[in-house]
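Report on one structure; see the data block that follows.
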Amino acid sequence: MKLLSIGECMIEMSGTGEAGVFRTGFAGDTLNTAWYLRALLPRDWTVGYLTAVGTDPLSDRMLAFMEEGGLDISHIQRHPSRVPGLYMIDLKDGERSFTYWRDTAAARTLADDADRLAAGMADADVIYFSGITIGILTDAARATLFEALAARRAEGARIVFDPNLRPRLWSSPEAMCAATTEAARLADIALPSHDDEATWFGDADPDATARRYRDLGASEVLVKNGGAEMALAVGHDLRPLPAMDRVTPVDTTGAGDSFNGGYLAARLTGAPAEDAARRGHAVAMKVVGHRGALIPPGELAGL
């Protein structure tokens, strides 16, 4: 079985705990989920990543990092003149805020070539993408991605979508919501976060979010809610999931992405949705105890 994650990997600058001192790494929402999927899925699964990077030394290091983490990088494109984007994490009481430099990042071209995109997706059994994936693309490239996803879904691939709403990537909230809705119509599994959906779609509660994504065509929806009561829709069954244990975070970067990785790894190997949600939560609790989005796979032993 092969899972392919599509999106943007960036250079991450995260604090070390010493004032003014940062460490560099590599991360990005869909890369983070792919990283945790690779750590948690059986070895007979292939986990690939599709993006575009440059030909510069940092791009070389980024690809080496992915490959060392066990990811299939064979469909990553090399852009001759662009380089990866960069973001810096600022922390206050464990909650993070970001500053980005990504306007001309290579990843923005990942869907410019329809044939290369289709070739990269051709043998994937499961395809994962996010609201950031579609937010960094031009209108034409986004349409190319949607067409390719629809084609693969028609051929039997399962499509997973995390809306991950980021208004700064869009010309307007209306454009973001319209594109998010279009993307959701392609998804078999949707993994929205209620706080984002309440802000931008006006959902009154997690159940309302779950119903909206189910009505758009997803057969499975898990509405994340920051550890509070979630909503789960599988087929016509819609039910709440109780609040789960909380920890005091060191850094919440990657919390939702790692939850997605834990949840999907469990679901794709046959676990009931409720058990998968508990596993996703356990992975996220481990991740928020560290600085930065990614932790070594060995830290997840036993989860």
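Ligands are numbered from 1 in the order shown, residues from 1 within each chain, and chains are lettered A, B, ... in the order they appear in the structure tokens.
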
Discussion item. When DSSP is applied to the backbone of this structure, which of segment 100-268 of chain A are assigned helix (DSSP H, G or I)? Write them out as a ChimeraX atom specification.
Written reply: /A:106-109,114-121,131-135,139-154,167-169,173-184,194-201,206-215,255-268

Discussion item. With only C-alpha atoms as the counted atoms, please give the residues lying no more than 10 Å from Glu182 of chain A, apart from itself and same-chain residues fewer than 4 positions off, as an MDAnalysis selection string.
Written reply: chainID A and resid 143 146 176:178 186:187 216

Worksheet item: Out of segment 27-221 of chain A, which residues get strand (DSSP E) from DSSP, as a ChimeraX atom specification?
Response: /A:27,46-50,52-53,77-78,86-92,95-101,126-130,158-162,189-190,220-221

Practice prompt. May I have the residues within 6 Å of Ala284 of chain A as a count of residues only, using only C-alpha atoms and disregarding those fewer than 5 positions away in the same chain?
Written response: 3

Worksheet item: Can you tell me, as a list in words, what residues are no more than 8 Å from Gly120 of chain A when counting only C-alpha atoms, ignoring any on the same chain fewer than 4 positions away?
Response: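 That gives Leu50, His75 and Arg116 of chain A.
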